Structure formats: structure tokens, C-alpha cells
$ cat protein-v3.tsv   # TSV, C-alpha atoms and all ligand atoms
chain	number	residue	atom	x	y	z
A	3	MET	CA	5.13	20.74	22.34
A	4	HIS	CA	3.59	24.23	22.49
A	5	CYS	CA	-0.02	24.48	23.45
A	6	LEU	CA	-2.02	27.41	22.06
A	7	PRO	CA	-5.45	28.23	23.44
A	8	THR	CA	-8.47	28.76	21.21
A	9	ALA	CA	-11.68	30.71	21.79
A	10	ILE	CA	-13.07	27.56	23.44
A	11	PRO	CA	-10.67	26.81	26.30
A	12	GLU	CA	-10.94	23.01	26.12
A	13	VAL	CA	-10.01	22.95	22.43
A	14	MET	CA	-6.30	23.37	21.93
A	15	ILE	CA	-3.82	23.81	19.13
A	16	LEU	CA	-0.63	21.84	19.66
A	17	GLU	CA	2.58	22.77	17.92
A	18	PRO	CA	5.21	20.06	18.08
A	19	GLN	CA	8.85	21.08	18.10
A	20	VAL	CA	10.16	20.35	14.60
A	21	PHE	CA	13.81	19.37	14.30
A	22	ARG	CA	15.01	20.10	10.79
A	23	ASP	CA	18.28	19.03	9.22
A	24	ALA	CA	19.70	18.22	5.79
A	25	ARG	CA	17.62	15.02	5.68
A	26	GLY	CA	14.28	16.61	6.40
A	27	PHE	CA	12.61	16.88	9.80
A	28	PHE	CA	11.72	14.95	12.93
A	29	MET	CA	8.96	15.65	15.43
A	30	GLU	CA	7.16	13.94	18.26
A	31	THR	CA	3.42	13.79	17.63
A	32	PHE	CA	2.44	11.99	20.84
A	33	HIS	CA	4.36	11.66	24.08
A	34	GLU	CA	2.58	10.20	27.08
A	35	GLU	CA	4.41	12.19	29.77
A	36	LYS	CA	4.30	15.49	27.87
A	37	PHE	CA	0.60	15.07	27.14
A	38	ALA	CA	-0.09	14.31	30.80
A	39	ALA	CA	1.85	17.43	31.82
A	40	LEU	CA	-0.36	19.50	29.49
A	41	GLY	CA	-3.52	17.96	30.97
A	42	LEU	CA	-4.25	16.05	27.77
A	43	PRO	CA	-5.39	12.42	27.63
A	44	THR	CA	-2.80	9.75	27.30
A	45	ARG	CA	-5.05	6.84	26.36
A	46	PHE	CA	-6.00	6.65	22.73
A	47	VAL	CA	-7.63	3.52	21.37
A	48	GLN	CA	-7.90	4.12	17.63
A	49	ASP	CA	-5.79	5.77	14.92
A	50	ASN	CA	-7.60	6.90	11.78
A	51	HIS	CA	-6.33	8.04	8.40
A	52	SER	CA	-8.48	9.58	5.69
A	53	ALA	CA	-7.63	11.12	2.34
A	54	SER	CA	-9.82	13.55	0.48
A	55	ARG	CA	-9.72	15.78	-2.52
A	56	ARG	CA	-10.18	19.55	-2.67
A	57	GLY	CA	-13.61	20.74	-1.58
A	58	VAL	CA	-14.47	17.62	0.40
A	59	LEU	CA	-16.16	18.40	3.70
A	60	ARG	CA	-16.42	15.61	6.28
A	61	GLY	CA	-18.59	16.25	9.31
A	62	LEU	CA	-19.72	17.59	11.57
A	63	HIS	CA	-19.56	14.27	13.43
A	64	TYR	CA	-19.91	13.17	17.03
A	65	GLN	CA	-20.93	10.07	18.98
A	66	ILE	CA	-23.69	10.66	21.50
A	67	GLN	CA	-22.40	7.68	23.52
A	68	GLN	CA	-18.80	6.49	23.47
A	69	ALA	CA	-17.99	10.16	22.82
A	70	GLN	CA	-14.56	10.48	21.28
A	71	GLY	CA	-11.83	12.98	22.06
A	72	LYS	CA	-9.80	13.51	18.87
A	73	LEU	CA	-6.23	14.56	18.22
A	74	VAL	CA	-6.15	15.66	14.59
A	75	ARG	CA	-3.25	16.41	12.26
A	76	VAL	CA	-2.53	16.63	8.56
A	77	ILE	CA	0.31	14.82	6.82
A	78	SER	CA	-0.42	15.95	3.27
A	79	GLY	CA	-2.10	19.13	2.08
A	80	GLU	CA	-4.23	21.51	4.09
A	81	VAL	CA	-7.62	21.47	5.79
A	82	PHE	CA	-9.81	23.83	7.76
A	83	ASP	CA	-10.55	21.86	10.92
A	84	VAL	CA	-13.60	22.73	12.99
A	85	ALA	CA	-14.93	21.81	16.44
A	86	VAL	CA	-18.42	22.71	17.71
A	87	ASP	CA	-19.22	22.64	21.43
A	88	LEU	CA	-22.26	20.40	22.02
A	89	ARG	CA	-22.18	20.41	25.85
A	90	ARG	CA	-25.39	22.07	27.04
A	91	SER	CA	-23.87	23.06	30.39
A	92	SER	CA	-20.92	24.78	28.69
A	93	PRO	CA	-20.72	28.58	28.45
A	94	THR	CA	-19.59	28.05	24.86
A	95	PHE	CA	-22.43	25.65	23.88
A	96	GLY	CA	-23.13	25.96	20.15
A	97	GLN	CA	-19.94	27.91	19.47
A	98	TRP	CA	-17.25	26.76	17.08
A	99	VAL	CA	-13.52	27.11	16.54
A	100	GLY	CA	-11.67	26.55	13.29
A	101	GLU	CA	-8.01	26.29	12.46
A	102	VAL	CA	-5.98	25.58	9.34
A	103	LEU	CA	-4.00	22.39	9.85
A	104	SER	CA	-1.47	21.51	7.20
A	105	ALA	CA	1.49	19.31	6.45
A	106	GLU	CA	3.51	22.54	6.44
A	107	ASN	CA	2.43	24.07	9.76
A	108	HIS	CA	2.47	20.69	11.58
A	109	ARG	CA	-0.30	21.94	13.84
A	110	MET	CA	-2.56	19.50	15.67
A	111	MET	CA	-5.99	20.20	17.09
A	112	TRP	CA	-7.09	18.60	20.34
A	113	ILE	CA	-10.89	18.26	20.45
A	114	PRO	CA	-12.28	16.79	23.67
A	115	ALA	CA	-15.33	14.54	23.93
A	116	GLY	CA	-18.50	16.64	23.81
A	117	PHE	CA	-17.73	18.33	20.49
A	118	ALA	CA	-18.74	17.76	16.89
A	119	HIS	CA	-15.81	17.66	14.48
A	120	GLY	CA	-15.36	18.20	10.78
A	121	PHE	CA	-13.01	19.57	8.19
A	122	LEU	CA	-12.93	21.10	4.73
A	123	VAL	CA	-10.09	20.25	2.35
A	124	LEU	CA	-8.34	23.37	1.05
A	125	SER	CA	-5.62	21.70	-1.04
A	126	ASP	CA	-5.89	19.44	-4.11
A	127	TRP	CA	-5.45	16.45	-1.80
A	128	ALA	CA	-5.25	16.13	1.97
A	129	GLU	CA	-4.49	13.26	4.29
A	130	VAL	CA	-5.70	13.58	7.85
A	131	LEU	CA	-4.60	11.42	10.76
A	132	TYR	CA	-6.38	11.40	14.07
A	133	LYS	CA	-6.23	9.51	17.31
A	134	THR	CA	-9.42	8.90	19.27
A	135	THR	CA	-10.06	8.26	22.96
A	136	ASP	CA	-12.94	5.86	22.32
A	137	PHE	CA	-13.90	3.39	19.63
A	138	TYR	CA	-15.95	4.05	16.51
A	139	ALA	CA	-19.56	3.19	17.29
A	140	PRO	CA	-21.75	3.81	14.22
A	141	GLN	CA	-24.94	3.27	16.20
A	142	TRP	CA	-24.08	6.34	18.31
A	143	GLU	CA	-22.77	8.48	15.48
A	144	ARG	CA	-24.63	11.70	14.74
A	145	THR	CA	-24.11	14.48	12.18
A	146	LEU	CA	-24.62	18.15	12.89
A	147	LEU	CA	-25.45	19.93	9.64
A	148	TRP	CA	-22.26	21.58	8.38
A	149	ASN	CA	-23.95	24.85	7.39
A	150	ASP	CA	-26.56	25.24	10.13
A	151	PRO	CA	-26.96	29.02	10.40
A	152	ALA	CA	-27.53	28.68	14.15
A	153	VAL	CA	-23.90	27.56	14.45
A	154	GLY	CA	-22.58	29.72	11.62
A	155	VAL	CA	-19.24	28.08	10.89
A	156	ARG	CA	-17.37	30.37	8.51
A	157	TRP	CA	-15.92	27.66	6.29
A	158	LEU	CA	-13.09	28.92	4.09
A	159	ILE	CA	-15.25	28.53	1.01
A	160	SER	CA	-15.80	30.94	-1.87
A	161	PRO	CA	-19.34	32.25	-2.19
A	162	GLY	CA	-21.40	29.91	-4.35
A	163	GLU	CA	-18.95	27.03	-4.00
A	164	GLN	CA	-20.51	23.75	-2.86
A	165	PRO	CA	-18.45	21.31	-0.81
A	166	LEU	CA	-18.45	17.60	-1.62
A	167	LEU	CA	-20.32	15.78	1.17
A	168	SER	CA	-21.22	12.16	1.86
A	169	GLU	CA	-24.93	11.33	1.69
A	170	LYS	CA	-24.89	10.92	5.45
A	171	ASP	CA	-23.44	14.39	5.94
A	172	GLN	CA	-25.97	15.94	3.53
A	173	ARG	CA	-28.63	14.61	5.91
A	174	GLY	CA	-27.07	16.24	8.97
A	175	LEU	CA	-29.43	17.84	11.48
A	176	PRO	CA	-29.48	21.45	12.60
A	177	LEU	CA	-28.36	22.06	16.17
A	178	SER	CA	-31.96	22.61	17.29
A	179	GLN	CA	-32.76	18.98	16.35
A	180	CYS	CA	-29.47	17.41	17.43
A	181	GLU	CA	-29.03	15.23	20.47
A	182	THR	CA	-26.44	16.98	22.60
A	183	TYR	CA	-24.40	16.28	25.72
A	184	PRO	CA	-25.39	17.27	29.30
B	201	LIG	C1	-15.05	6.84	11.28
B	201	LIG	C2	-14.94	5.36	10.87
B	201	LIG	C3	-15.47	4.90	9.68
B	201	LIG	N1	-15.38	3.60	9.34
B	201	LIG	C4	-15.96	3.17	8.05
B	201	LIG	C5	-17.45	3.38	7.93
B	201	LIG	C6	-17.66	3.72	6.48
B	201	LIG	O1	-17.88	2.53	5.73
B	201	LIG	C7	-16.36	4.34	6.03
B	201	LIG	C8	-16.44	5.85	5.89
B	201	LIG	O2	-16.99	6.37	7.09
B	201	LIG	P1	-17.43	7.87	7.20
B	201	LIG	O3	-18.13	8.29	5.96
B	201	LIG	O4	-18.19	8.03	8.49
B	201	LIG	O5	-16.02	8.62	7.29
B	201	LIG	P2	-15.74	10.13	7.66
B	201	LIG	O6	-16.80	10.99	7.06
B	201	LIG	O7	-14.35	10.40	7.32
B	201	LIG	O8	-15.94	10.12	9.24
B	201	LIG	C9	-15.02	10.79	10.08
B	201	LIG	O9	-15.20	12.18	9.92
B	201	LIG	C10	-14.39	12.99	10.75
B	201	LIG	C11	-14.78	14.43	10.50
B	201	LIG	C12	-14.42	12.59	12.18
B	201	LIG	O10	-14.37	13.40	13.09
B	201	LIG	C13	-14.39	11.13	12.45
B	201	LIG	O11	-14.68	10.85	13.80
B	201	LIG	C14	-15.28	10.35	11.52
B	201	LIG	O12	-16.63	10.60	11.88
B	201	LIG	O13	-15.39	3.98	7.02
B	201	LIG	C15	-14.76	2.70	10.15
B	201	LIG	O14	-14.68	1.47	9.84
B	201	LIG	N2	-14.20	3.13	11.33
B	201	LIG	C16	-14.27	4.42	11.73
B	201	LIG	O15	-13.72	4.79	12.82

$ encode --input "protein-v3.tsv" --output "C-alpha cells"
Amino acid sequence: MHCLPTAIPEVMILEPQVFRDARGFFMETFHEEKFAALGLPTRFVQDNHSASRRGVLRGLHYQIQQAQGKLVRVISGEVFDVAVDLRRSSPTFGQWVGEVLSAENHRMMWIPAGFAHGFLVLSDWAEVLYKTTDFYAPQWERTLLWNDPAVGVRWLISPGEQPLLSEKDQRGLPLSQCETYP
């Protein structure tokens, strides 16, 4: 498992070693001892799987209590995966990182608790799997507005193109009105 830093030190890109042969490939996507050696959490309590069509944007989501660390990967298609730092005491508060995760590049993004998370689907269809360090708690769930200019995520979207959002995500709040972490 290679660990690549991002512009926000606590957010990491993980590249599993992929063993290819005539049958296809094999890779480890979670290994307790290797994760511990990399300083990553080893206790995950929920596995999630979502599928979305091209242009769908989910996010930017976070839970203000029961904050979830997320280990995200793509098993079909391609997404632009984004994390926004919502920790007020952090030198990178309000900053974002984005990375293309795809079934081809096998990359995973580790997003610690304290971040909002979302993704835009770049392929006709994409299936995203992610492990979380705490349970889904809808009463604590919040949505940071995907296109808040104060955050300025450069989504890989053509000018004039509108992503497909849930009603909840259309009602996301700008950072200035969001509850954030200490
Ligand atoms: C996230 C989640 C949703 N649900 C249900 C609630 C709802 O009826 C349905 C769809 O929920 P949502 O519209 O919130 O799904 P979605 O927009 O895919 O939400 C997810 O977005 C990505 C970006 C994340 O980071 C996740 O943590 C999660 O917030 O699934 C669960 O039962 N458990 C869960 O853990």
C-alpha cells in the first residue's frame, strides 16, 4: 500500500499493490496491520456502496457529531472525489483537495473526521464503496454547498453544465453558515 500525500496533510491517497495475472487482478483494500503502520484507523463500523450516473454530484456531507472518517474507492467508472477541511483550528480550514478515483487507477482516498466529503461522477456510471469510522446519524448530517465560492472547489465540470443533485444537497449551506468543528 503506497501512501501519497495531498495538499492537506491529513487527507491521503492510498495506492494498493495490484497483482495482475492472466485471470485478472488481486489487491488488498484494507489490512489492519498495514493501516496501523501508516497511522490510519483500523476500526471501521460501516461499509457503504452507492451507484450514480454521469453528472451526479453527492455532497458535500459531514456529521457535526459522530463525525465519520471515510475510506473511499471506486469499483466501476470514475469520480472526482473531494474533501473540505472544516476544522476551525486547522491551518487548512476551508481548503479542499480533489482526486480522480477510478476502477482503473484503484486509488483510495482517506478522509479523516472533520472534513466534508463529496464526489462528482465523470463516467456514464460509477459505483463508490466507502468504509466509515462512525455510524450514519442523519440527525447530525450537514451539507456544505457544493459550489460555495468561498471554498471554490474546481469540480471537473464543463462551463454551463449543471450537476444532478439531491434536494438535500441543493439546499446545502455556504461555509459561512455551516456548523464546523473546533
Ligand atoms: C449515507 C446513508 C444513507 N442512508 C439512506 C438515507 C437515504 O434514504 C438514502 C440516501 O441517502 P443520501 O441521499 O444521504 O445518500 P448520499 O447522498 O449518497 O450520501 C452520502 O454522500 C457521500 C458523499 C458521503 O460522504 C456519505 O457519507 C453520505 O453522506 O440512504 C442510509 O440508510 N445509511 C447511510 O449511511

$ residues_near_ligand --input "protein-v3.tsv" --ligand "ligand LIG 201 (chain B)" --cutoff "6 Å" --atoms "all atoms listed in the file" --output "ChimeraX atom specification"
/A:60-63,119-121,138

$ residues_around --input "protein-v3.tsv" --residues "A:Cys5" --least-positions-apart "3" --cutoff "12 Å" --atoms "only C-alpha atoms" --output "number ranges by chain"
A: 8, 11-19, 36-37, 39-42, 109-112

$ atom_distance --input "protein-v3.tsv" --atom1 "atom CA of A:Gln97" --atom2 "atom CA of A:Pro114"
14.1 Å

$ residues_around --input "protein-v3.tsv" --residues "A:Thr44" --least-positions-apart "3" --cutoff "12 Å" --atoms "all atoms listed in the file" --output "number ranges by chain"
A: 32-41, 47, 71-73, 133-136

$ atom_distance --input "protein-v3.tsv" --atom1 "atom CA of A:Glu169" --atom2 "atom CA of A:Ala105"
28.0 Å

$ atom_distance --input "protein-v3.tsv" --atom1 "atom CA of A:Arg156" --atom2 "atom CA of A:Asn50"
25.6 Å

$ residues_around --input "protein-v3.tsv" --residues "A:Arg56" --least-positions-apart "5" --cutoff "8 Å" --atoms "all atoms listed in the file" --output "ChimeraX atom specification"
/A:123-128

$ decode --input "protein-v3.tsv" --residues "stretch 67-112 of chain A" --atoms "N, CA and C atoms" --output "compact mmCIF listing (two decimals), in the first residue's frame"
# COMPACT_ATOMS: atom_id res chain seq x y z
N GLN A 67 -21.82 15.74 14.75
CA GLN A 67 -21.44 14.81 15.82
C GLN A 67 -21.39 13.43 15.18
N GLN A 68 -20.75 12.49 15.89
CA GLN A 68 -20.46 11.19 15.26
C GLN A 68 -19.77 11.41 13.92
N ALA A 69 -18.79 12.32 13.92
CA ALA A 69 -18.05 12.64 12.68
C ALA A 69 -17.41 11.36 12.14
N GLN A 70 -17.49 11.21 10.85
CA GLN A 70 -17.03 9.98 10.21
C GLN A 70 -15.72 10.20 9.45
N GLY A 71 -14.71 9.38 9.72
CA GLY A 71 -13.60 9.25 8.78
C GLY A 71 -14.06 8.32 7.67
N LYS A 72 -13.61 8.57 6.43
CA LYS A 72 -14.09 7.77 5.29
C LYS A 72 -12.93 7.29 4.44
N LEU A 73 -13.00 6.04 4.08
CA LEU A 73 -12.02 5.46 3.15
C LEU A 73 -12.79 5.11 1.88
N VAL A 74 -12.50 5.87 0.83
CA VAL A 74 -13.35 5.88 -0.37
C VAL A 74 -12.62 5.25 -1.54
N ARG A 75 -13.34 4.41 -2.30
CA ARG A 75 -12.78 3.86 -3.53
C ARG A 75 -13.87 3.61 -4.53
N VAL A 76 -13.46 3.39 -5.77
CA VAL A 76 -14.41 3.25 -6.88
C VAL A 76 -14.22 1.87 -7.51
N ILE A 77 -15.31 1.16 -7.69
CA ILE A 77 -15.18 -0.18 -8.29
C ILE A 77 -15.73 -0.22 -9.71
N SER A 78 -16.39 0.85 -10.13
CA SER A 78 -16.85 0.92 -11.52
C SER A 78 -16.89 2.38 -11.92
N GLY A 79 -16.26 2.72 -13.04
CA GLY A 79 -16.30 4.09 -13.53
C GLY A 79 -15.27 4.98 -12.86
N GLU A 80 -15.63 6.26 -12.79
CA GLU A 80 -14.65 7.29 -12.39
C GLU A 80 -15.38 8.45 -11.72
N VAL A 81 -14.81 8.92 -10.62
CA VAL A 81 -15.38 10.09 -9.94
C VAL A 81 -14.27 11.07 -9.60
N PHE A 82 -14.69 12.32 -9.38
CA PHE A 82 -13.79 13.33 -8.81
C PHE A 82 -14.19 13.45 -7.35
N ASP A 83 -13.30 13.01 -6.46
CA ASP A 83 -13.61 12.91 -5.04
C ASP A 83 -12.99 14.09 -4.30
N VAL A 84 -13.78 14.70 -3.44
CA VAL A 84 -13.37 15.98 -2.83
C VAL A 84 -13.54 15.94 -1.32
N ALA A 85 -12.56 16.50 -0.62
CA ALA A 85 -12.64 16.67 0.84
C ALA A 85 -12.38 18.13 1.17
N VAL A 86 -13.20 18.68 2.09
CA VAL A 86 -13.05 20.08 2.51
C VAL A 86 -12.79 20.10 4.01
N ASP A 87 -11.74 20.78 4.41
CA ASP A 87 -11.35 20.84 5.83
C ASP A 87 -12.29 21.77 6.58
N LEU A 88 -13.01 21.24 7.57
CA LEU A 88 -13.97 22.03 8.35
C LEU A 88 -13.53 22.19 9.80
N ARG A 89 -12.24 22.00 10.07
CA ARG A 89 -11.72 22.14 11.44
C ARG A 89 -11.19 23.56 11.63
N ARG A 90 -11.89 24.33 12.45
CA ARG A 90 -11.54 25.75 12.58
C ARG A 90 -10.10 25.97 13.06
N SER A 91 -9.57 25.04 13.84
CA SER A 91 -8.21 25.23 14.37
C SER A 91 -7.14 24.78 13.36
N SER A 92 -7.57 24.30 12.20
CA SER A 92 -6.62 23.77 11.24
C SER A 92 -6.05 24.88 10.35
N PRO A 93 -4.76 24.81 10.04
CA PRO A 93 -4.19 25.81 9.12
C PRO A 93 -4.79 25.70 7.72
N THR A 94 -5.43 24.59 7.42
CA THR A 94 -6.04 24.44 6.10
C THR A 94 -7.58 24.51 6.17
N PHE A 95 -8.10 25.14 7.22
CA PHE A 95 -9.57 25.30 7.35
C PHE A 95 -10.13 25.93 6.06
N GLY A 96 -11.20 25.35 5.55
CA GLY A 96 -11.87 25.90 4.37
C GLY A 96 -11.22 25.51 3.05
N GLN A 97 -10.07 24.84 3.12
CA GLN A 97 -9.41 24.41 1.88
C GLN A 97 -9.91 23.03 1.46
N TRP A 98 -9.71 22.72 0.20
CA TRP A 98 -10.21 21.46 -0.33
C TRP A 98 -9.11 20.72 -1.08
N VAL A 99 -9.27 19.41 -1.20
CA VAL A 99 -8.44 18.61 -2.10
C VAL A 99 -9.37 17.74 -2.94
N GLY A 100 -8.96 17.48 -4.16
CA GLY A 100 -9.76 16.64 -5.05
C GLY A 100 -8.86 15.68 -5.80
N GLU A 101 -9.39 14.52 -6.09
CA GLU A 101 -8.59 13.48 -6.73
C GLU A 101 -9.52 12.62 -7.58
N VAL A 102 -9.06 12.25 -8.75
CA VAL A 102 -9.84 11.30 -9.55
C VAL A 102 -9.61 9.90 -9.00
N LEU A 103 -10.70 9.25 -8.62
CA LEU A 103 -10.65 7.85 -8.19
C LEU A 103 -11.39 7.05 -9.24
N SER A 104 -10.81 5.95 -9.66
CA SER A 104 -11.49 5.17 -10.70
C SER A 104 -11.26 3.69 -10.49
N ALA A 105 -12.08 2.91 -11.20
CA ALA A 105 -11.89 1.46 -11.15
C ALA A 105 -10.55 1.11 -11.78
N GLU A 106 -10.06 1.97 -12.68
CA GLU A 106 -8.79 1.69 -13.36
C GLU A 106 -7.60 2.04 -12.48
N ASN A 107 -7.64 3.22 -11.83
CA ASN A 107 -6.42 3.61 -11.07
C ASN A 107 -6.39 3.00 -9.66
N HIS A 108 -7.49 2.39 -9.23
CA HIS A 108 -7.55 1.68 -7.94
C HIS A 108 -7.22 2.57 -6.74
N ARG A 109 -7.19 3.87 -6.95
CA ARG A 109 -6.80 4.76 -5.85
C ARG A 109 -7.91 4.86 -4.82
N MET A 110 -7.49 5.03 -3.55
CA MET A 110 -8.46 5.24 -2.48
C MET A 110 -8.12 6.58 -1.84
N MET A 111 -9.13 7.25 -1.33
CA MET A 111 -8.88 8.50 -0.60
C MET A 111 -9.25 8.27 0.85
N TRP A 112 -8.32 8.63 1.73
CA TRP A 112 -8.60 8.59 3.18
C TRP A 112 -8.93 10.02 3.62
